[in-house]
Structure formats: structure tokens, C-alpha cells
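Right, one structure below, let's go through it.
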Amino acid sequence: MVNKIKLSDYVADFISKKGVKSVFAISGGASLHLIHSINDHPSINFICTHHEQGAAMAADSYSRVSGNIGVAISTSGPGATNLITGICCSYYDSVPLLIITGQVSTFRMSNNTGVRQIGFQETPISNIVKEITKYSITIRKAEDIKYELEKAFFIAKEGRPGPVLIDIPDNLQREFIEEDKLRGFEQTRTINKIFPDSNELIDDFLNEIRKSKRPVVVAGWGIHLSQTEEEFIKFINKFQLPVALTWGASDLLESNNKFYIGKFGTHGKRHANFAVQNADLIIALGTRLDTKSTGSPITTFAREAKKIMIDIDPFELSKFNSFGLIFDILIQDDLKNFFKCFDNNLEINKKDHTNKNWLAQISSWKKGFQIIDKSLSKEDKVFVEPYEFFEILSTKIQTNTSLFIDTGCSIAWAMQAMKFKKGVRIFHDFNNTAMGWALPALIGGHFADESREQLCICGDGSFMMTMQELATVLHHKIKLKLVLINNSGYSMIKQTQDQWLNSNYVASSSEGGLSFPKYKDVSEAFGLDYIELKNNSDVENKLNQFFFSKNPVLLNLKISETARVKPQVKFGRPNEDMEPLLPRDIFYKNMIIKPI
């Protein structure tokens, strides 16, 4: 007797066998068979969000937290197009994600007729997302399902990871297929090798460390992606190298680690930027060195340093030629292979192996600039001062916490002020930085690892983008702790308007056209406890209430509408020259390399 299985059931079983425990989706006419099969599968949780953007973002976060792959499903047309922002979050942060969309039946497709649409809600989603996925396909024959699923899953994780999309017409979802006769995908790794790998250049690499007097490792999200956190720690300890971190790697080292410098870049810490800019050797690991890291023009980045970069993507390595930034050593390799090169106890025989003098200089900058920046950045004390709040918040967070932070000033203040403990993980869509990511991301993180505490931090503008997902939190009884940074507007946009548009707050303030609800009423509607914090003297007390709450809870943190990210690099200045500008005598005295 021929053993047949419904195609949508085959898809559900395939996902389960890949270790995926939760799938995020919204119902729709062209995806119903897929959704029912997922729901009926005994090993998969089916999580309904209230917007497809939330489903994609939750799946993106599930992938980040679990280290596996996230899966989201939607129907055709607007359901599919609503996924795009979440897909971008995965694409630009190299997160493996499987998107499955329902499509109109094959006999209702417009095909080559020249018309825009024949089937109801027909949309060519696989073509639309080609620029933001590693692979996308609309299946035309039921017997191709195994091949396309295996191919998509392999591509999503192979090399530099990223999202893939499979579009399945409604009539194919309902077909019964003979599983034994399905063709599979033959996995072949095709590496576009342009630059030498680690083994070829290890001697040159060690020689540059040997010669350096002011080395700095800049580390990024790729350390987490490659799951080489332990190898990274061994590496910096072996060579006694100070480390400046991007936001994506902000939780790699505890803040009291002797090699920890801090976060650097246009929204980093002043002393960290002084260390990077005055270095004589930069080693870039797990970071593509975007313009937030290098500043603009990028030729001002660490301009007197020898520069070494390791990356799996040859295009990331070759891009600097277009902008005039010179690298001395470019290594195309996976970080796992790179770190393996040091397993044989290679030594550098360096006179100052401990980099003692350089570490002392960085420590001196850290202490001195901290005092100066506090004196230059006095804020209106009517409401809570955000930097003081985030400093205290970081002392309250437990070591088994996953922290999901939204974009704008919320992430910048947190990265500049918080001191991280071992075991705390920071999650953010670092490159797409979509408003509203953090709340659905917390939902995805919860289902990826329910053993961890979940904390969400978002500005009022970001909160409004995905606030409807509080209903998902309520439905699944997720122990949400939400810090709402409430300044009645978009502070980061206002800061740009301060710099370039005469502080005319169009579309960033209540006077400029924005409006916000009463958050106490919102909390009550969604079954959240509500705490309001509006002055510095209450921070300790209200945070204790917040963390002791046994129910989902929203902390409405009232801050001044004039609060800004300080220090910050204004476009066109090198990263060491952050606003508020240092007095020129102090600036020149502390620069080791020639100032611009």
C-alpha cells in the first residue's frame, strides 16, 4: 500500500525534525492548511501574533535566542508583505529565518498573462523579497517540496546566515504526496573564496600583534552568530588584548573585566572611541565595521593603525576599497576556524605582553572623561534622568535575563550607561533597527527559552508600533516586564533636528503631529500591572516594585522631552571628537595620533 501524506503535514513534520518548537503566524485564506498542520503537530507550539510583522520579528528573535532557526507563516498578499520589515531584521543581522507564505492556487496565478493579479490577494512575494533573502522560491509542483525545504534550510544556515522564503500555493498544500518518492537536495558548500584564510595568514597576524604597542580588538555580533564566545575569551586572555565592543557584542564581557574598554562608535563612550582611534593595531572580529562603528567619512577610522579584519563574507572585506579605507590584513574565514589556529599555543614573544601601559592609559581616559561628560551633560531634573536610571537598572537585572531593547535613544542610553553581568544577554535588531521590534522579540525569546527572565525596554514611539502584541503576551501568560521610556516623542529624531533643522520638531513631538494614549489605561486593557516613575528620588523604590511584581507589568518611565544622547558624534566629525565637544586644550592633550 502506497504511504501518502498531505503536503502541509509534511511541511510541519519537516520543521519539527529540525528542532523548531514554536512557529509564529497569523491565519489567512491561502495559508490555512499550513496553519492547521502546524497546529495539529504534537511537537510544535503554534503562536498567533496580531500582525505579521510581529510574527516575523518573534521568529527572528526565536532564532537569535535558541541558536536554531525561527519560522513564521503568513497568507498571501498583505499578509506576506507585512512580513518584510521582520525579514529585513534577519537579513541585515545575518539571522537564519524560514518564512513560509501561502499563495493563491496555481490555476489562479497571473503567470505570463501581463495582468497584475488574477487570484484574490495574489502577490509575487518570492520576487519581492529577493533582495532581502538568501533564497526565495514559489513552488509550482507538489513533488518539489522536500527539495525546496532542504535547500532553503541549508542556505539559511550555510556560510553567512540569513532568511529564506518558500511560497506554497493553496492547492499544493492540500495535495497528498508519496514521501518515499520525493527528491532531496544534495548539500554542496560553495565558498566564494577571494581572500586568504586564517591558516595562510596566521604568521602575519601574530607578527602585527608582536609589533603593536596600542592594540584594540573590536568585537561584534558575529561572535554570537558563530557561537564562539568561549573561544573569543580564551583569545583575548592569551594575548592580553583590550576589547571595544559594538552594540551587538555588548554582553560578551562583564563590565569589570580588565580587558573591557566599553562600547565604541558614533553612539559609544568617549573613552572607548579615544582607545580605538588612537590604537596602532585594530583587530576586527565578528563585526562588519558599519558607519556607526567607523564614523563618517570612514577614512577617519583608526587612521594611524594597522588594521586586520576577519569575516566570512568576501564582499564585506572588499567594500573598504570603495571608500578609501586601507586594511593591512584581510582574512576570509569563519571565526571557528580562525580561533582554532591558536589551539597549538602559539606565542608572540612580545616585550610588553600584558599591554600594561596601554591598559593604564585607557583606564585613565575612562575615569577622566566620565567626570567631564557628566559636567557637560546636565539635564532637566524635573523628570527621571535616563543615564542615572539605566545605571541603577543594570544593578537590578538578574544574571539569567534576556534583555530586548528597541531602537532610538532607548538602545543608545542603555549601551552607554548599563554595566553588564555574566549571564545577561542583550538582543536588538542591530542593523535594521526597526521601531517596535523589542516586544514581539521578547515573545519569540520567551518561547525559545522559557527558563530565562524576559525584560523589554522600548520608547513610547516604538511601543506604539507593535503594542497589539500585548494581547499575545496576555494569551500565553508571559511574565512580561516592560520599561516604557516615555518622553512624548522621538528623541533621536529631535536630536537630528537640533543639529540640522533648527530644533523644528516636525513629526517627532506632540506639537509636530504625534499623539499618545494613556498608558495606565493601556495596561489595564491588556491585564498588566502599572507603575509610574517620574522623579529620580523614586527610582530605587519603583524598580524594586517592578522586579518583585508576579504579574506582567509596565513601568512608565517619564523623562524630559529635552533628554538627548550625550556624548554623540555629529556627522562629519571623527569618532574621537564627540558632542558635547571637549575643551580644545583637553582634547589635544589626550590625543596620541594627529588630530583632524
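Convention: chains lettered A, B, ... in C-alpha cells order; per-chain residue numbering from 1; ligands numbered from 1 as shown.
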
Next on the checklist: Please identify the helix (DSSP H, G or I) residues within stretch 249-339 of chain A (assignment by DSSP from backbone atoms) and present them as an NGL selection string.
Outcome noted: :A and (249 or 270-277 or 291-294 or 298-300 or 314-323 or 335-339)

Find the spatial neighbours of stretch 285-291 of chain A, counting only C-alpha atoms, within a cut-off of 6 Å - ignore same-chain residues fewer than 3 positions away - and output them as an mmCIF file with N, CA and C atoms, in the first residue's frame.
```
data_model
loop_
_atom_site.group_PDB
_atom_site.id
_atom_site.type_symbol
_atom_site.label_atom_id
_atom_site.label_comp_id
_atom_site.auth_asym_id
_atom_site.auth_seq_id
_atom_site.Cartn_x
_atom_site.Cartn_y
_atom_site.Cartn_z
ATOM 1 N N ALA A 219 35.003 43.898 18.643
ATOM 2 C CA ALA A 219 34.241 42.656 18.505
ATOM 3 C C ALA A 219 32.771 42.957 18.313
ATOM 4 N N GLY A 220 32.088 42.112 17.504
ATOM 5 C CA GLY A 220 30.702 42.370 17.180
ATOM 6 C C GLY A 220 29.814 41.146 17.250
ATOM 7 N N TRP A 221 28.615 41.304 16.730
ATOM 8 C CA TRP A 221 27.538 40.319 16.770
ATOM 9 C C TRP A 221 27.948 38.964 16.204
ATOM 10 N N GLY A 222 28.915 38.969 15.285
ATOM 11 C CA GLY A 222 29.355 37.723 14.669
ATOM 12 C C GLY A 222 29.939 36.725 15.652
ATOM 13 N N ILE A 223 30.420 37.194 16.808
ATOM 14 C CA ILE A 223 30.906 36.266 17.841
ATOM 15 C C ILE A 223 29.747 35.397 18.322
ATOM 16 N N THR A 294 32.652 53.098 12.344
ATOM 17 C CA THR A 294 33.798 53.827 11.787
ATOM 18 C C THR A 294 33.641 55.337 11.854
ATOM 19 N N GLY A 295 32.381 55.826 11.920
ATOM 20 C CA GLY A 295 32.153 57.258 11.757
ATOM 21 C C GLY A 295 32.206 57.624 10.283
ATOM 22 N N ILE A 310 38.678 39.876 10.069
ATOM 23 C CA ILE A 310 38.315 38.503 9.745
ATOM 24 C C ILE A 310 36.822 38.472 9.502
#
```

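If you measure from each of A:Ala525, A:Leu484, A:Leu330, A:Met415 to A:Asp197 using only C-alpha atoms, the closest one turns out to be A:Leu330.
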
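Distances to A:Thr395 were evaluated for A:Thr300, A:Asn432, A:Asn544, A:Asn273 using only C-alpha atoms, and the minimum falls at A:Asn544.
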
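Between A:Gln568 and the candidates A:Phe420, A:Tyr10, A:Phe264, A:Tyr135, the tightest atom-to-atom separation, counting only C-alpha atoms, involves A:Phe264.
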
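The two atoms in question, atom CA of A:Gly436 and atom CA of A:Met464, are spaced 7.2 Å apart.
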
Item to check | Members of stretch 40-209 of chain A assigned strand (DSSP E or B) by DSSP, as a ChimeraX atom specification | outcome: /A:45-48,70-74,97-103,135-138,163-169,176-178

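Here atom CA of A:Phe389 stands at a distance of 27.1 Å from atom CA of A:Arg64.
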
Next on the checklist: List the spatial neighbours of A:Ile478 as an MDAnalysis selection string - criterion: any atom at most 9 Å away, only C-alpha atoms, same-chain residues fewer than 5 positions off excluded.
Outcome noted: chainID A and resid 443 446 454 472:473 551:552

Selection export as a compact mmCIF listing (two decimals), in the first residue's frame, atoms kept: N, CA and C atoms:
```
# COMPACT_ATOMS: atom_id res chain seq x y z
N ILE A 443 8.53 38.01 22.93
CA ILE A 443 7.64 36.84 22.80
C ILE A 443 8.40 35.67 22.17
N HIS A 446 10.90 34.30 24.66
CA HIS A 446 10.24 33.51 25.70
C HIS A 446 10.05 32.07 25.25
N GLN A 454 12.63 37.66 31.22
CA GLN A 454 12.50 38.45 30.00
C GLN A 454 12.24 39.91 30.36
N THR A 472 -0.96 39.03 22.77
CA THR A 472 -0.27 37.74 22.69
C THR A 472 0.37 37.40 24.03
N VAL A 473 0.98 38.40 24.65
CA VAL A 473 1.57 38.22 25.98
C VAL A 473 0.50 37.75 26.97
N ASN A 551 3.08 39.59 38.24
CA ASN A 551 2.26 39.66 37.03
C ASN A 551 3.01 40.38 35.92
N PRO A 552 2.54 40.28 34.67
CA PRO A 552 3.07 41.15 33.62
C PRO A 552 2.94 42.60 34.07
```

Item to check | Non-local contacts of stretch 348-350 of chain A (9 Å; only C-alpha atoms; under 5 positions in same chain excluded) as a PyMOL selection string | outcome: chain A and resi 206-207+209-212+239

Next on the checklist: List as a list in words the protein and nucleic acid residues near A:Met418, meaning an atom at most 7 Å away when only C-alpha atoms are counted, but skip any in the same chain fewer than 2 places from it.
Outcome noted: Phe390, Glu391, Ser394, Ala414, Met415, Gln416 and Phe420 of chain A

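Proximity to A:Ser66 was assessed for A:Tyr147, A:Phe571, A:Phe342, A:Phe447 counting only C-alpha atoms; the smallest distance is recorded for A:Phe447.
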
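For A:Val424, the residues within 9 Å (counting only C-alpha atoms, excluding itself and residues fewer than 2 positions away along the chain) are Asp251, Ile397, Gln398, Thr399, Asn400, Thr401, Ser402, Leu403, Phe420, Lys421, Lys422 and Ile426 of chain A.
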
With C-alpha atoms retained, could you export that selection as a PDB file, in the first residue's frame?
```pdb
ATOM      1  CA  ASP A 251      27.220  41.367  26.609  1.00  0.00           C
ATOM      2  CA  ILE A 397      18.847  42.783  36.495  1.00  0.00           C
ATOM      3  CA  GLN A 398      19.379  39.104  37.343  1.00  0.00           C
ATOM      4  CA  THR A 399      22.126  37.115  35.644  1.00  0.00           C
ATOM      5  CA  ASN A 400      19.689  34.829  33.785  1.00  0.00           C
ATOM      6  CA  THR A 401      17.941  37.690  31.987  1.00  0.00           C
ATOM      7  CA  SER A 402      17.362  38.201  28.272  1.00  0.00           C
ATOM      8  CA  LEU A 403      17.063  41.924  27.595  1.00  0.00           C
ATOM      9  CA  PHE A 420      26.508  44.076  32.240  1.00  0.00           C
ATOM     10  CA  LYS A 421      26.863  40.976  34.377  1.00  0.00           C
ATOM     11  CA  LYS A 422      27.818  37.498  33.267  1.00  0.00           C
ATOM     12  CA  ILE A 426      21.273  41.708  25.053  1.00  0.00           C
TER      13      ILE A 426
END
```

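Comparing A:Cys88, A:Ser549, A:Phe14, A:Phe232 by their smallest distance to A:Ile145, the closest is A:Phe14 (using only C-alpha atoms).
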
Checklist entry - Neighbours of A:Val384 within 6 Å (only C-alpha atoms; same-chain residues fewer than 3 positions away dropped), as an NGL selection string? => result :A and (534-536 or 559)
